[in-house]
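Content type TSV, C-alpha atoms, from the file my_file_25.tsv:
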chain	number	residue	atom	x	y	z
H	12	MET	CA	33.22	-31.67	1.87
H	13	PRO	CA	30.60	-28.96	2.43
H	14	SER	CA	27.10	-30.29	2.78
H	15	GLU	CA	24.67	-29.91	-0.08
H	16	PRO	CA	22.57	-26.72	0.25
H	17	LYS	CA	19.00	-27.35	1.26
H	18	THR	CA	15.93	-25.17	1.51
H	19	LEU	CA	14.99	-24.14	5.02
H	20	SER	CA	11.37	-24.50	5.97
H	21	ILE	CA	9.60	-21.31	7.03
H	22	THR	CA	9.71	-22.45	10.65
H	23	HIS	CA	13.51	-22.20	10.49
H	24	TRP	CA	13.52	-18.69	9.02
H	25	ALA	CA	14.33	-15.66	11.12
H	26	GLU	CA	11.09	-14.65	12.84
H	27	ALA	CA	11.14	-11.23	11.11
H	28	ASP	CA	11.02	-12.97	7.71
H	29	ARG	CA	8.17	-15.40	8.38
H	30	PRO	CA	4.99	-14.33	6.54
H	31	ARG	CA	2.61	-14.61	9.50
H	32	GLU	CA	4.89	-12.71	11.87
H	33	LYS	CA	5.68	-10.17	9.13
H	34	LEU	CA	1.98	-9.51	8.56
H	35	GLU	CA	1.35	-9.11	12.27
H	36	ARG	CA	4.25	-6.68	12.59
H	37	LEU	CA	3.95	-4.65	9.36
H	38	GLY	CA	0.45	-5.25	8.03
H	39	ALA	CA	-0.81	-7.24	5.05
H	40	ASN	CA	0.26	-4.64	2.47
H	41	ALA	CA	3.94	-5.27	3.36
H	42	LEU	CA	3.78	-8.86	2.08
H	43	SER	CA	4.32	-10.05	-1.47
H	44	ASP	CA	1.64	-12.03	-3.30
H	45	ALA	CA	3.65	-15.21	-2.73
H	46	GLU	CA	3.94	-14.53	1.00
H	47	LEU	CA	0.21	-13.91	1.36
H	48	LEU	CA	-0.60	-17.10	-0.51
H	49	ALA	CA	1.96	-19.00	1.55
H	50	ILE	CA	0.03	-18.05	4.69
H	51	LEU	CA	-3.08	-19.59	3.15
H	52	ILE	CA	-1.51	-22.91	2.12
H	53	GLY	CA	0.44	-23.18	5.36
H	54	SER	CA	3.28	-25.41	4.21
H	55	GLY	CA	5.36	-26.41	1.21
H	56	THR	CA	7.42	-29.57	0.77
H	57	PRO	CA	10.57	-30.87	2.49
H	58	LYS	CA	12.62	-29.29	-0.31
H	59	GLU	CA	10.60	-26.13	-0.94
H	60	SER	CA	9.05	-23.64	1.49
H	61	ALA	CA	5.47	-22.48	1.07
H	62	VAL	CA	6.73	-19.08	-0.13
H	63	ASP	CA	9.07	-20.61	-2.73
H	64	LEU	CA	6.31	-22.93	-3.91
H	65	MET	CA	3.93	-20.03	-4.42
H	66	LYS	CA	6.66	-17.99	-6.13
H	67	ARG	CA	7.11	-20.83	-8.61
H	68	ILE	CA	3.38	-21.13	-9.26
H	69	LEU	CA	3.02	-17.36	-9.67
H	70	ASN	CA	6.01	-17.29	-12.01
H	71	ASP	CA	4.22	-19.80	-14.25
H	72	CYS	CA	1.26	-17.39	-14.18
H	73	LYS	CA	3.55	-14.49	-15.16
H	74	ASN	CA	3.09	-13.15	-11.62
H	75	ASN	CA	-0.50	-12.25	-12.40
H	76	LEU	CA	-3.13	-13.05	-9.75
H	77	ASN	CA	-5.86	-12.89	-12.36
H	78	SER	CA	-4.12	-15.67	-14.29
H	79	LEU	CA	-3.71	-17.66	-11.09
H	80	GLY	CA	-7.46	-17.44	-10.49
H	81	LYS	CA	-8.13	-18.94	-13.92
H	82	LEU	CA	-6.27	-22.15	-13.13
H	83	SER	CA	-8.36	-25.22	-12.42
H	84	LEU	CA	-8.05	-27.43	-9.37
H	85	HIS	CA	-6.41	-30.00	-11.60
H	86	ASP	CA	-3.86	-27.45	-12.84
H	87	LEU	CA	-2.84	-26.51	-9.30
H	88	GLU	CA	-2.65	-30.10	-8.13
H	89	GLN	CA	0.09	-30.77	-10.69
H	90	TYR	CA	2.50	-28.86	-8.46
H	91	LYS	CA	4.21	-31.01	-5.85
H	92	GLY	CA	3.05	-29.79	-2.44
H	93	ILE	CA	-0.38	-28.67	-3.65
H	94	GLY	CA	-3.11	-31.14	-2.84
H	95	PRO	CA	-6.89	-30.72	-3.21
H	96	ALA	CA	-7.29	-28.76	0.05
H	97	LYS	CA	-4.56	-26.24	-0.80
H	98	ALA	CA	-5.78	-25.88	-4.39
H	99	ILE	CA	-9.31	-25.15	-3.14
H	100	THR	CA	-7.95	-22.60	-0.67
H	101	ILE	CA	-6.00	-20.76	-3.39
H	102	LEU	CA	-8.96	-20.59	-5.77
H	103	ALA	CA	-11.32	-19.56	-2.97
H	104	ALA	CA	-8.98	-16.66	-2.12
H	105	CYS	CA	-8.84	-15.61	-5.77
H	106	GLU	CA	-12.63	-15.68	-5.99
H	107	LEU	CA	-12.97	-13.57	-2.85
H	108	GLY	CA	-10.60	-11.02	-4.41
H	109	LYS	CA	-12.83	-10.82	-7.48
H	110	ARG	CA	-15.98	-10.41	-5.39
H	111	ARG	CA	-14.39	-7.67	-3.32
H	112	GLN	CA	-13.63	-5.73	-6.50
H	113	LYS	CA	-17.29	-5.98	-7.52
H	114	ALA	CA	-18.66	-5.10	-4.09
H	115	THR	CA	-20.00	-1.61	-3.55
H	116	VAL	CA	-18.06	0.32	-0.96
H	117	GLU	CA	-20.39	1.06	1.93
H	118	GLU	CA	-20.37	4.79	2.50
H	119	ALA	CA	-20.08	6.08	6.03
H	120	PRO	CA	-23.14	8.02	7.22
H	121	ILE	CA	-23.37	11.80	7.16
H	122	LEU	CA	-24.27	13.02	10.66
H	123	ASN	CA	-25.04	16.71	10.29
H	124	SER	CA	-28.01	16.93	12.68
H	125	ALA	CA	-28.80	16.00	16.26
H	126	ASP	CA	-31.64	13.79	15.08
H	127	GLY	CA	-29.28	11.95	12.73
H	128	ILE	CA	-26.83	11.46	15.59
H	129	TYR	CA	-29.62	10.15	17.82
H	130	GLN	CA	-30.82	7.69	15.18
H	131	PHE	CA	-27.26	6.49	14.61
H	132	MET	CA	-26.48	6.01	18.31
H	133	HIS	CA	-29.87	4.84	19.57
H	134	THR	CA	-29.34	1.10	19.17
H	135	THR	CA	-26.00	1.42	20.95
H	136	ILE	CA	-27.35	3.14	24.07
H	137	GLN	CA	-30.99	2.06	24.31
H	138	ASP	CA	-30.45	-0.83	26.75
H	139	LEU	CA	-27.56	0.58	28.80
H	140	ASP	CA	-28.00	0.97	32.55
H	141	ILE	CA	-24.73	2.87	32.99
H	142	GLU	CA	-23.34	5.98	31.33
H	143	GLU	CA	-21.08	5.69	28.31
H	144	ALA	CA	-19.33	8.55	26.54
H	145	TRP	CA	-18.77	8.43	22.78
H	146	ILE	CA	-17.08	10.64	20.23
H	147	LEU	CA	-18.11	10.80	16.59
H	148	MET	CA	-15.12	11.81	14.49
H	149	MET	CA	-16.01	13.23	11.10
H	150	LYS	CA	-14.58	14.69	7.93
H	151	GLN	CA	-15.30	18.23	6.79
H	152	ASN	CA	-18.53	17.15	5.09
H	153	PHE	CA	-19.88	15.58	8.31
H	154	ARG	CA	-19.20	12.08	6.96
H	155	LEU	CA	-18.30	9.76	9.81
H	156	ILE	CA	-14.72	8.56	10.14
H	157	GLU	CA	-15.27	6.54	13.31
H	158	ALA	CA	-17.55	6.33	16.32
H	159	LYS	CA	-15.54	5.46	19.42
H	160	ARG	CA	-16.49	4.80	23.01
H	161	ILE	CA	-14.06	6.68	25.22
H	162	SER	CA	-15.48	6.18	28.69
H	163	VAL	CA	-17.69	3.86	30.71
H	164	GLY	CA	-19.01	5.10	34.05
H	165	GLY	CA	-21.62	4.44	36.66
H	166	LEU	CA	-25.26	5.38	36.87
H	167	THR	CA	-24.66	9.11	36.77
H	168	MET	CA	-21.18	9.92	35.51
H	169	ALA	CA	-18.75	8.64	32.86
H	170	PRO	CA	-15.30	10.16	33.49
H	171	VAL	CA	-13.73	11.70	30.39
H	172	ASP	CA	-10.03	12.39	29.90
H	173	ILE	CA	-9.98	15.36	27.50
H	174	ARG	CA	-6.31	14.91	26.68
H	175	LEU	CA	-6.67	11.28	25.62
H	176	MET	CA	-9.86	12.07	23.75
H	177	MET	CA	-8.19	14.80	21.69
H	178	LYS	CA	-5.22	12.55	21.00
H	179	GLU	CA	-7.62	10.06	19.41
H	180	VAL	CA	-9.29	12.85	17.46
H	181	LEU	CA	-5.96	14.05	16.03
H	182	LEU	CA	-4.82	10.54	15.12
H	183	LYS	CA	-7.95	10.12	12.98
H	184	ASN	CA	-7.41	13.47	11.22
H	185	THR	CA	-10.79	14.65	12.48
H	186	THR	CA	-12.09	18.02	11.33
H	187	ILE	CA	-15.54	17.84	12.97
H	188	LEU	CA	-16.22	16.37	16.40
H	189	VAL	CA	-19.45	15.42	18.14
H	190	PHE	CA	-19.47	14.29	21.76
H	191	CYS	CA	-22.40	12.29	23.09
H	192	HIS	CA	-23.28	10.37	26.18
H	193	ASN	CA	-26.36	8.66	27.56
H	194	HIS	CA	-28.49	9.28	30.63
H	195	PRO	CA	-29.76	5.89	31.87
H	196	SER	CA	-32.35	7.72	33.98
H	197	GLY	CA	-34.22	8.73	30.82
H	198	ASN	CA	-33.93	12.43	31.69
H	199	THR	CA	-32.43	14.35	28.78
H	200	THR	CA	-31.70	17.48	30.84
H	201	PRO	CA	-27.92	17.99	31.04
H	202	SER	CA	-26.31	18.28	34.46
H	203	ARG	CA	-23.93	20.95	35.71
H	204	ASP	CA	-21.09	18.49	35.12
H	205	ASP	CA	-22.29	18.03	31.53
H	206	ASP	CA	-22.14	21.80	31.02
H	207	LEU	CA	-18.61	22.00	32.42
H	208	LEU	CA	-17.45	19.10	30.27
H	209	THR	CA	-18.96	20.71	27.18
H	210	SER	CA	-17.05	23.90	27.89
H	211	ARG	CA	-13.76	22.01	28.30
H	212	ILE	CA	-14.23	20.11	25.06
H	213	GLN	CA	-15.11	23.31	23.22
H	214	LYS	CA	-11.93	25.03	24.44
H	215	ALA	CA	-9.79	22.04	23.44
H	216	CYS	CA	-11.34	21.99	19.97
H	217	GLU	CA	-10.78	25.73	19.51
H	218	LEU	CA	-7.14	25.31	20.43
H	219	LEU	CA	-6.69	22.53	17.87
H	220	HIS	CA	-8.85	24.17	15.16
H	221	ILE	CA	-11.42	21.38	15.20
H	222	HIS	CA	-15.10	22.20	14.75
H	223	PHE	CA	-17.02	21.06	17.84
H	224	ALA	CA	-20.39	20.45	16.21
H	225	ASP	CA	-22.46	19.28	19.16
H	226	HIS	CA	-22.77	17.58	22.51
H	227	VAL	CA	-25.81	15.33	22.44
H	228	VAL	CA	-27.29	13.82	25.59
H	229	LEU	CA	-29.05	10.58	24.65
H	230	THR	CA	-31.81	8.56	26.28
H	231	ASP	CA	-33.86	5.62	25.05
H	232	GLY	CA	-36.67	7.97	24.10
H	233	GLY	CA	-35.09	11.25	23.09
H	234	TYR	CA	-32.11	13.58	23.19
H	235	PHE	CA	-30.83	17.01	24.18
H	236	SER	CA	-28.65	18.91	21.70
H	237	TYR	CA	-26.39	21.66	23.03
H	238	ARG	CA	-26.21	23.10	19.52
H	239	GLU	CA	-29.95	23.14	18.92
H	240	GLU	CA	-30.62	24.62	22.35
H	241	GLY	CA	-28.16	27.46	21.74
H	242	LYS	CA	-25.77	26.32	24.47
H	243	LEU	CA	-22.84	25.79	22.14

Reformat the file's structure so that it appears as structure tokens.
Amino acid sequence: MPSEPKTLSITHWAEADRPREKLERLGANALSDAELLAILIGSGTPKESAVDLMKRILNDCKNNLNSLGKLSLHDLEQYKGIGPAKAITILAACELGKRRQKATVEEAPILNSADGIYQFMHTTIQDLDIEEAWILMMKQNFRLIEAKRISVGGLTMAPVDIRLMMKEVLLKNTTILVFCHNHPSGNTTPSRDDDLLTSRIQKACELLHIHFADHVVLTDGGYFSYREEGKL
């Protein structure tokens, strides 16, 4: 006689179907509500996987996370496989979801001046004793998309790969680019190499129709702006 069907635990699922591995591979938005909650509770029962358990609980809530969040600890603990720790975890997650909805989205800064760029970058570079090169990738309104360090060098030179830099710029759908690097010596005057690098970045931006807004040389006490000095 064929054996009686039994529910496989998540650890026996194909790796591609396990919630944790699926999230790592595809991102959180690829998972169902039940799969996300299953990651939180960690395990189900010998006869029911964590995913199936959460599907059953969500079904009783008409698959509405808001309704799930209104359950009490006692309500959740009536389900076999849900003890106090798991019930607390579920309700804590629901509460965090509510608080995120209420939270104000922090707007990225608008960096449309050399002084603004200096103020934004100052805490990053003020204590460095080696050169670092950074790019500030921005939208059309000069609102920052991302600030990214692209090179770390020695006392006098941080090598910059223009090709890799522009690849990063394109991946972020950048329309305005600012390049900046620090001079640990405290001297804001750009070097001949700085001038050559500026020219190469400008040509690359022109080719890709990206506005090269500025190259700012930063020190702990001041800055040099290629744009403000008419060198760009």

I'd like a table as CSV: residues in region 90-156 of chain H with an atom no more than 12 Å from region 40-59 of chain H, each row giving the shortest atom pair and its distance in Å to one decimal, all atoms listed in the file counted, sorted by chain and rising residue number.
residue,atom,partner,partner_atom,distance
H:Tyr90,CA,H:Gly55,CA,10.4
H:Lys91,CA,H:Thr56,CA,7.5
H:Gly92,CA,H:Thr56,CA,5.4
H:Ile93,CA,H:Gly55,CA,7.9
H:Gly94,CA,H:Ile52,CA,9.7
H:Pro95,CA,H:Ile52,CA,10.9
H:Ala96,CA,H:Ile52,CA,8.5
H:Lys97,CA,H:Ile52,CA,5.4
H:Ala98,CA,H:Ile52,CA,8.3
H:Ile99,CA,H:Ile52,CA,9.7
H:Thr100,CA,H:Leu51,CA,6.9
H:Ile101,CA,H:Leu48,CA,7.1
H:Leu102,CA,H:Leu48,CA,10.5
H:Ala103,CA,H:Leu51,CA,10.3
H:Ala104,CA,H:Leu51,CA,8.4
H:Cys105,CA,H:Leu48,CA,9.9

Margin query: I'd like the interatomic distance between CA of Ile121 (chain H) and CA of Phe153 (chain H), to a tenth of an Å.
Written below: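 Result for CA of Ile121 (chain H) versus CA of Phe153 (chain H): 5.3 Å, one decimal.
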
Next item on the list: Find the residue from H:His194, H:Arg203, H:Lys159, H:His220 that sits nearest to Phe235 (chain H); use only C-alpha atoms when measuring.
Entry: H:His194

Next item on the list: For Glu179 (chain H), work out the shell of residues within 10 Å, counting only C-alpha atoms and skipping chain neighbours fewer than 3 positions away, then give it as a VMD selection string.
Entry: chain H and resid 146 148 159 161 173 to 176 182 to 185

With 4 Å of padding per side, what axis-aligned box (centre and edge lengths, Å, one decimal) covers all the listed atoms of region 29-46 of chain H? Give it as AutoDock Vina command-line options.
--center_x 3.7 --center_y -10.0 --center_z 4.6 --size_x 17.0 --size_y 18.8 --size_z 23.9

Checklist line | Separation of CA of Met65 (chain H) from CA of Leu34 (chain H) in Å | finding: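 Spanning CA of Leu34 (chain H) to CA of Met65 (chain H) is a straight-line distance of 16.8 Å.
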
Note to self: I'd like the contact shell of region 228-231 of chain H - 6 Å cut-off, only C-alpha atoms, skipping same-chain residues fewer than 5 positions apart - returned as a list in words.
What the structure shows: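 Contacts, in chain order: Gln137, Cys191, His192, Asn193, His194 and Gly197 of chain H.
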